[in-house]
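File shown: model.cif. Contents: mmCIF, C-alpha atoms and all ligand atoms.
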```
data_coords
loop_
_atom_site.label_atom_id
_atom_site.label_comp_id
_atom_site.auth_asym_id
_atom_site.auth_seq_id
_atom_site.Cartn_x
_atom_site.Cartn_y
_atom_site.Cartn_z
CA MET A 1040 0.00 0.00 0.00
CA MET A 1041 2.79 2.41 0.92
CA LYS A 1042 4.55 1.57 -2.32
CA PHE A 1043 1.42 2.27 -4.32
CA LYS A 1044 0.94 5.65 -2.63
CA PHE A 1045 4.57 6.52 -3.31
CA ALA A 1046 4.23 5.61 -6.99
CA LEU A 1047 1.07 7.70 -7.22
CA MET A 1048 2.87 10.67 -5.69
CA LEU A 1049 5.51 10.42 -8.40
CA LEU A 1050 3.16 9.68 -11.26
CA LEU A 1051 0.66 12.47 -10.67
CA PRO A 1052 3.14 15.35 -11.03
CA MET A 1053 4.66 13.60 -14.08
CA ALA A 1054 1.23 13.34 -15.72
CA TRP A 1055 0.62 17.00 -14.89
CA ILE A 1056 3.94 18.06 -16.46
CA ALA A 1057 3.22 15.98 -19.58
CA GLY A 1058 -0.18 17.66 -19.84
CA CYS A 1059 1.44 21.08 -19.70
CA ALA A 1060 4.04 20.20 -22.32
CA SER A 1061 1.33 19.51 -24.86
CA PHE A 1062 -0.46 22.83 -24.19
CA PRO A 1063 0.05 25.25 -27.13
CA ASP A 1064 2.69 27.95 -26.63
CA ALA A 1065 1.90 31.70 -26.48
CA ASP A 1066 2.66 32.25 -30.18
CA SER A 1067 0.30 29.59 -31.50
CA THR A 1068 -2.39 30.63 -29.00
CA ALA A 1069 -2.10 34.23 -30.24
CA LYS A 1070 -2.26 33.10 -33.90
CA HIS A 1071 -5.30 30.98 -33.11
CA ALA A 1072 -7.04 33.91 -31.38
CA GLU A 1073 -6.26 36.25 -34.31
CA GLN A 1074 -7.66 33.68 -36.73
CA LEU A 1075 -10.86 33.39 -34.67
CA VAL A 1076 -11.32 37.17 -34.82
CA ALA A 1077 -10.66 37.23 -38.58
CA ASP A 1078 -13.11 34.34 -39.15
CA ALA A 1079 -15.79 36.15 -37.15
CA TYR A 1080 -15.80 38.91 -39.80
CA VAL A 1081 -16.45 36.53 -42.67
CA SER A 1082 -19.61 38.13 -44.00
CA THR A 1083 -18.80 41.77 -43.28
CA ALA A 1084 -17.36 44.33 -45.64
CA LEU A 1085 -13.78 44.23 -46.80
CA THR A 1086 -12.92 47.51 -45.05
CA LEU A 1087 -13.78 45.92 -41.72
CA LYS A 1088 -12.00 42.68 -42.53
CA GLN A 1089 -8.87 44.59 -43.38
CA ARG A 1090 -8.89 46.05 -39.87
CA THR A 1091 -8.30 42.59 -38.44
CA LEU A 1092 -5.00 42.31 -40.33
CA GLN A 1093 -2.22 43.62 -38.16
CA ASP A 1094 0.63 45.63 -39.63
CA ALA A 1095 4.16 44.80 -38.47
CA SER A 1096 4.15 47.38 -35.66
CA GLN A 1097 0.73 46.32 -34.34
CA HIS A 1098 1.93 42.74 -34.37
CA VAL A 1099 4.87 43.62 -32.11
CA CYS A 1100 2.63 45.71 -29.82
CA SER A 1101 0.09 42.88 -29.50
CA ALA A 1102 2.61 40.20 -28.51
CA VAL A 1103 0.83 38.10 -25.88
CA GLY A 1104 2.67 37.86 -22.57
CA GLY A 1105 5.83 38.86 -24.40
CA PRO A 1106 8.78 40.68 -22.90
CA LYS A 1107 8.78 44.47 -22.64
CA LEU A 1108 9.33 46.34 -25.88
CA SER A 1109 13.08 46.42 -26.54
CA GLN A 1110 14.88 49.61 -27.52
CA ALA A 1111 15.48 48.21 -31.01
CA GLN A 1112 11.77 47.38 -31.46
CA SER A 1113 10.76 50.85 -30.22
CA ALA A 1114 13.17 52.48 -32.67
CA ILE A 1115 11.69 50.53 -35.62
CA ILE A 1116 8.10 51.41 -34.61
CA VAL A 1117 8.95 55.10 -34.11
CA LYS A 1118 10.74 55.26 -37.47
CA GLY A 1119 7.82 53.56 -39.27
CA ALA A 1120 5.40 55.98 -37.59
CA ARG A 1121 7.50 59.02 -38.51
CA ASP A 1122 7.70 57.88 -42.14
CA SER A 1123 3.89 57.56 -42.26
CA ILE A 1124 3.21 61.22 -41.44
CA GLN A 1125 1.71 63.34 -44.22
CA TYR A 1126 0.88 67.03 -44.09
CA PRO A 1127 -1.97 69.07 -45.60
CA THR A 1128 -1.20 70.24 -49.15
CA SER A 1129 -1.72 73.84 -47.95
CA GLY A 1130 1.21 73.33 -45.55
CA LYS A 1131 -0.97 74.77 -42.74
CA LEU A 1132 -0.82 72.43 -39.74
CA SER A 1133 -3.37 74.43 -37.77
CA GLY A 1134 -6.77 74.98 -39.40
CA ASN A 1135 -10.21 76.09 -38.27
CA TRP A 1136 -10.92 75.50 -34.57
CA LYS A 1137 -14.69 75.70 -35.09
CA ILE A 1138 -14.61 72.71 -37.46
CA GLY A 1139 -12.28 70.99 -34.98
CA ALA A 1140 -14.84 71.58 -32.21
CA GLU A 1141 -17.44 69.63 -34.19
CA LEU A 1142 -15.02 66.80 -34.98
CA VAL A 1143 -13.76 66.07 -31.47
CA SER A 1144 -17.09 64.80 -30.22
CA ASP A 1145 -18.35 63.31 -33.50
CA GLY A 1146 -18.28 59.51 -33.48
CA ARG A 1147 -19.70 58.93 -36.94
CA GLY A 1148 -17.98 57.05 -39.75
CA GLN A 1149 -17.27 53.38 -40.48
CA ARG A 1150 -19.91 52.17 -38.00
CA ILE A 1151 -22.08 49.22 -38.94
CA VAL A 1152 -25.56 50.53 -39.74
CA ASN A 1153 -28.26 48.07 -40.85
CA GLY A 1154 -25.56 45.45 -41.45
CA LYS A 1155 -23.55 47.72 -43.73
CA VAL A 1156 -20.47 49.81 -43.10
CA GLU A 1157 -21.50 53.44 -42.88
CA GLU A 1158 -19.77 55.46 -45.56
CA LEU A 1159 -19.55 59.19 -45.05
CA LYS A 1160 -17.55 61.81 -46.92
CA ALA A 1161 -15.57 62.35 -43.72
CA ASN A 1162 -15.31 60.49 -40.40
CA GLY A 1163 -15.64 62.07 -36.98
CA ALA A 1164 -12.65 62.13 -34.61
CA LEU A 1165 -14.28 61.31 -31.27
CA CYS A 1166 -11.29 62.46 -29.21
CA THR A 1167 -13.60 63.13 -26.23
CA ASN A 1168 -14.13 59.41 -25.81
CA CYS A 1169 -10.63 59.35 -24.32
CA HIS A 1170 -9.70 62.97 -23.50
CA ALA A 1171 -11.16 65.84 -21.53
CA MET A 1172 -10.84 68.94 -23.80
CA ASP A 1173 -13.37 71.74 -23.18
CA PRO A 1174 -13.24 72.16 -19.36
CA LYS A 1175 -17.02 72.85 -19.41
CA GLU A 1176 -17.76 69.47 -21.02
CA VAL A 1177 -18.47 66.85 -18.35
CA ASN A 1178 -19.07 63.98 -20.78
CA ALA A 1179 -15.44 63.06 -21.53
CA GLY A 1180 -13.37 59.92 -21.22
CA ASN A 1181 -10.14 59.50 -19.29
CA VAL A 1182 -8.25 56.81 -21.21
CA GLY A 1183 -5.87 59.57 -22.32
CA PRO A 1184 -4.61 62.61 -20.39
CA SER A 1185 -6.78 65.72 -20.03
CA LEU A 1186 -6.10 68.24 -22.78
CA ALA A 1187 -8.07 71.07 -21.14
CA GLY A 1188 -6.06 74.30 -21.31
CA TYR A 1189 -3.68 72.73 -23.87
CA GLY A 1190 -2.95 75.96 -25.77
CA THR A 1191 -2.87 78.14 -22.66
CA GLN A 1192 -0.24 75.87 -21.14
CA ARG A 1193 1.93 75.29 -24.23
CA GLY A 1194 1.42 78.35 -26.42
CA ASN A 1195 1.12 78.23 -30.20
CA SER A 1196 4.72 78.20 -31.40
CA GLU A 1197 5.52 76.41 -34.64
CA ALA A 1198 7.12 73.58 -32.63
CA VAL A 1199 3.96 73.07 -30.54
CA VAL A 1200 1.74 73.12 -33.64
CA ARG A 1201 3.97 70.59 -35.42
CA TYR A 1202 4.21 68.32 -32.36
CA THR A 1203 0.44 68.36 -31.88
CA TYR A 1204 -0.26 67.67 -35.56
CA GLU A 1205 2.21 64.77 -35.74
CA ARG A 1206 1.02 63.40 -32.40
CA ILE A 1207 -2.53 63.12 -33.72
CA PHE A 1208 -1.49 61.84 -37.16
CA ASN A 1209 0.49 58.98 -35.65
CA ALA A 1210 0.88 58.82 -31.86
CA TRP A 1211 3.37 55.97 -32.16
CA ALA A 1212 5.95 58.39 -33.58
CA PHE A 1213 6.27 59.55 -29.96
CA MET A 1214 4.95 56.73 -27.80
CA PRO A 1215 5.27 53.33 -29.50
CA CYS A 1216 2.35 50.96 -28.82
CA SER A 1217 0.31 53.59 -26.93
CA ASN A 1218 -3.47 53.29 -26.76
CA MET A 1219 -3.94 56.43 -28.85
CA PRO A 1220 -5.24 55.36 -32.29
CA ARG A 1221 -3.05 56.22 -35.29
CA LEU A 1222 -5.79 58.43 -36.71
CA GLY A 1223 -3.99 59.92 -39.73
CA ALA A 1224 -1.79 56.96 -40.60
CA SER A 1225 -4.82 54.63 -40.69
CA GLY A 1226 -6.59 57.02 -43.09
CA PHE A 1227 -9.40 57.52 -40.59
CA LEU A 1228 -8.88 61.30 -40.51
CA THR A 1229 -7.58 63.47 -43.35
CA PRO A 1230 -4.60 65.82 -42.84
CA GLU A 1231 -7.01 68.79 -43.12
CA GLN A 1232 -9.28 67.39 -40.39
CA ILE A 1233 -6.27 66.87 -38.13
CA ALA A 1234 -5.20 70.49 -38.71
CA ASP A 1235 -8.71 71.62 -37.61
CA VAL A 1236 -8.41 69.54 -34.43
CA VAL A 1237 -4.94 71.05 -33.79
CA ALA A 1238 -6.52 74.52 -34.00
CA TYR A 1239 -9.20 73.46 -31.54
CA LEU A 1240 -6.45 72.50 -29.05
CA ILE A 1241 -4.23 75.56 -29.42
CA ASP A 1242 -6.35 78.54 -30.57
CA PRO A 1243 -6.77 81.04 -27.70
CA GLU A 1244 -10.42 81.50 -28.80
CA SER A 1245 -11.19 77.76 -28.52
CA PRO A 1246 -13.26 76.63 -25.50
CA VAL A 1247 -10.32 74.30 -24.63
CA ASN A 1248 -8.40 77.42 -23.58
CA LYS A 1249 -11.20 79.21 -21.75
CA PRO A 1250 -11.58 78.88 -17.99
CA SER A 1251 -14.07 76.32 -16.72
C1 LIG A 1301 -8.77 55.38 -27.64
C2 LIG A 1301 -8.40 56.51 -26.85
C3 LIG A 1301 -7.89 57.75 -27.52
C4 LIG A 1301 -8.47 58.49 -28.53
C5 LIG A 1301 -9.77 58.19 -29.28
C6 LIG A 1301 -7.64 59.64 -28.72
N1 LIG A 1301 -6.57 59.59 -27.87
FE1 LIG A 1301 -5.13 61.00 -27.66
N2 LIG A 1301 -4.15 59.85 -26.30
C7 LIG A 1301 -4.63 58.67 -25.81
C8 LIG A 1301 -3.67 58.14 -24.85
C9 LIG A 1301 -3.82 56.85 -24.07
C10 LIG A 1301 -2.62 59.06 -24.79
C11 LIG A 1301 -1.37 58.94 -23.90
C12 LIG A 1301 -0.40 57.99 -24.57
C13 LIG A 1301 0.29 58.64 -25.68
O1 LIG A 1301 0.90 59.68 -25.40
O2 LIG A 1301 0.22 58.16 -26.84
C14 LIG A 1301 -2.94 60.13 -25.73
C15 LIG A 1301 -2.14 61.24 -25.96
C16 LIG A 1301 -2.54 62.34 -26.69
C17 LIG A 1301 -1.79 63.58 -26.84
C18 LIG A 1301 -0.45 63.89 -26.22
C19 LIG A 1301 -0.68 64.62 -24.90
C20 LIG A 1301 0.53 65.37 -24.42
O3 LIG A 1301 0.58 65.61 -23.21
O4 LIG A 1301 1.39 65.76 -25.21
C21 LIG A 1301 -2.53 64.41 -27.64
C22 LIG A 1301 -2.17 65.82 -28.07
C23 LIG A 1301 -3.73 63.71 -27.99
N3 LIG A 1301 -3.71 62.46 -27.42
C24 LIG A 1301 -4.74 64.24 -28.78
C25 LIG A 1301 -5.83 63.50 -29.24
C26 LIG A 1301 -6.80 64.02 -30.19
C27 LIG A 1301 -6.82 65.43 -30.72
C28 LIG A 1301 -7.68 63.00 -30.46
C29 LIG A 1301 -8.80 62.98 -31.47
C30 LIG A 1301 -8.45 63.34 -32.81
C31 LIG A 1301 -7.26 61.86 -29.66
N4 LIG A 1301 -6.14 62.21 -28.94
C32 LIG A 1301 -7.92 60.63 -29.64
C33 LIG A 1301 -5.80 58.04 -26.14
C34 LIG A 1301 -6.68 58.46 -27.13
#
```

Write-out of the structure in structure tokens:
Amino acid sequence: MMKFKFALMLLLPMAWIAGCASFPDADSTAKHAEQLVADAYVSTALTLKQRTLQDASQHVCSAVGGPKLSQAQSAIIVKGARDSIQYPTSGKLSGNWKIGAELVSDGRGQRIVNGKVEELKANGALCTNCHAMDPKEVNAGNVGPSLAGYGTQRGNSEAVVRYTYERIFNAWAFMPCSNMPRLGASGFLTPEQIADVVAYLIDPESPVNKPS
């Protein structure tokens, strides 16, 4: 009886280890999960399906349980993001703050409406889902930092305008793998729309820069 118990004590952990060894590794689990997501979009429009395909940078950022981003990986992502940045043909990186004001809380564009992807001439930016902007607006998200008083705090120098424009066009040029969507690089917003949002953040007349 003692012998049997002893054998069982040895065998159980061995069986457990063998079970673990046959469990799929992180890479194949991630691939499997990505495939499941892609398959779930089988009948929807191509534009939506394309969103499930990761580009090289997104792939690195989505590594499951992987090690921290290395310096070399960060450098590649930042360079790719920098190369993606395009500017308005007018060369003006700050546009009309009043148009920007409409855009920042407009969530329309590329939603699924009646089973079809909504197609509009221009998408909304919906920055307020993640950022406080107008200090009087209580309905704002906090996934990103508050941008209330942005222009008052930073001024409107050419460097600030350029930084803000590039930051919105492709946030990963500054903060690789951040949760800020790459709104210009993905083609979701046009360079002109981004310039209008920049104006909304920095123009002294914008509600962003008025006291609460
Ligand atoms: C899904 C959430 C999300 C959305 C939508 C979003 N952001 Fe962000 N944003 C973030 C996060 C998170 C950060 C902080 C990480 C980083 O710096 O990338 C950030 C950072 C920023 C910064 C840098 C702040 C600083 O202190 O320099 C600016 C500027 C900014 N966002 C502007 C915008 C604007 C304008 C929009 C809309 C066009 C927008 N964001 C949409 C999440 C978001």

Nearest to ligand LIG 1301 (chain A), chosen from A:Ala1114, A:Ala1212, A:Val1143, A:Val1247, with all atoms listed in the file counted in the distances | A:Val1143

Mind listing the residues within 9 Å of ligand LIG 1301 (chain A), all atoms listed in the file counted, as a count of residues only?
-> 50

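Each of A:Thr1091, A:Ser1245, A:Asn1178, A:Gln1149 was compared to A:Gly1190 using only C-alpha atoms, and A:Ser1245 turns out to be the nearest.
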
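Going from atom CA of A:Val1076 over to atom CA of A:Ala1102, you cover 15.6 Å.
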
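Using only C-alpha atoms, the smallest distance between any of A:Ala1069, A:Ala1179, A:Ala1198, A:Ile1124 and A:Val1099 comes from A:Ala1069.
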
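Distance annotation: of A:Leu1132, A:Gln1112, A:Ser1123, A:Ala1224, the residue with the minimal separation from A:Ala1238 is A:Leu1132; atom set is all atoms listed in the file.
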
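Between atom CA of A:Asp1066 and atom CA of A:Arg1090 the separation is 20.4 Å.
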
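Comparing A:Ala1072, A:Val1156, A:Ile1241, A:Ala1161 by their smallest distance to A:Gly1194, the closest is A:Ile1241 (using only C-alpha atoms).
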
Selection near A:Asn1248, 7 Å with only C-alpha atoms, sequence-local residues under 2 positions removed, as a PDB file with C-alpha atoms, keeping the file's coordinate frame:
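Wrote selection.pdb, looks like this:
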```pdb
ATOM      1  CA  ALA A1187      -8.070  71.070 -21.140  1.00  0.00           C
ATOM      2  CA  GLY A1188      -6.060  74.300 -21.310  1.00  0.00           C
ATOM      3  CA  TYR A1189      -3.680  72.730 -23.870  1.00  0.00           C
ATOM      4  CA  GLY A1190      -2.950  75.960 -25.770  1.00  0.00           C
ATOM      5  CA  THR A1191      -2.870  78.140 -22.660  1.00  0.00           C
ATOM      6  CA  PRO A1243      -6.770  81.040 -27.700  1.00  0.00           C
ATOM      7  CA  GLU A1244     -10.420  81.500 -28.800  1.00  0.00           C
ATOM      8  CA  SER A1245     -11.190  77.760 -28.520  1.00  0.00           C
ATOM      9  CA  PRO A1246     -13.260  76.630 -25.500  1.00  0.00           C
ATOM     10  CA  PRO A1250     -11.580  78.880 -17.990  1.00  0.00           C
TER      11      PRO A1250
END
```

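Note that the spacing between atom CA of A:Lys1137 and atom CA of A:Asp1235 amounts to 7.7 Å.
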
Scan for residues within 12 Å of the point (-5.1, 36.2, -33.9) in the coordinates of the file, using only C-alpha atoms, and reply as a PyMOL selection string.
-> chain A and resi 1065-1079+1091-1093+1097-1098+1101-1103
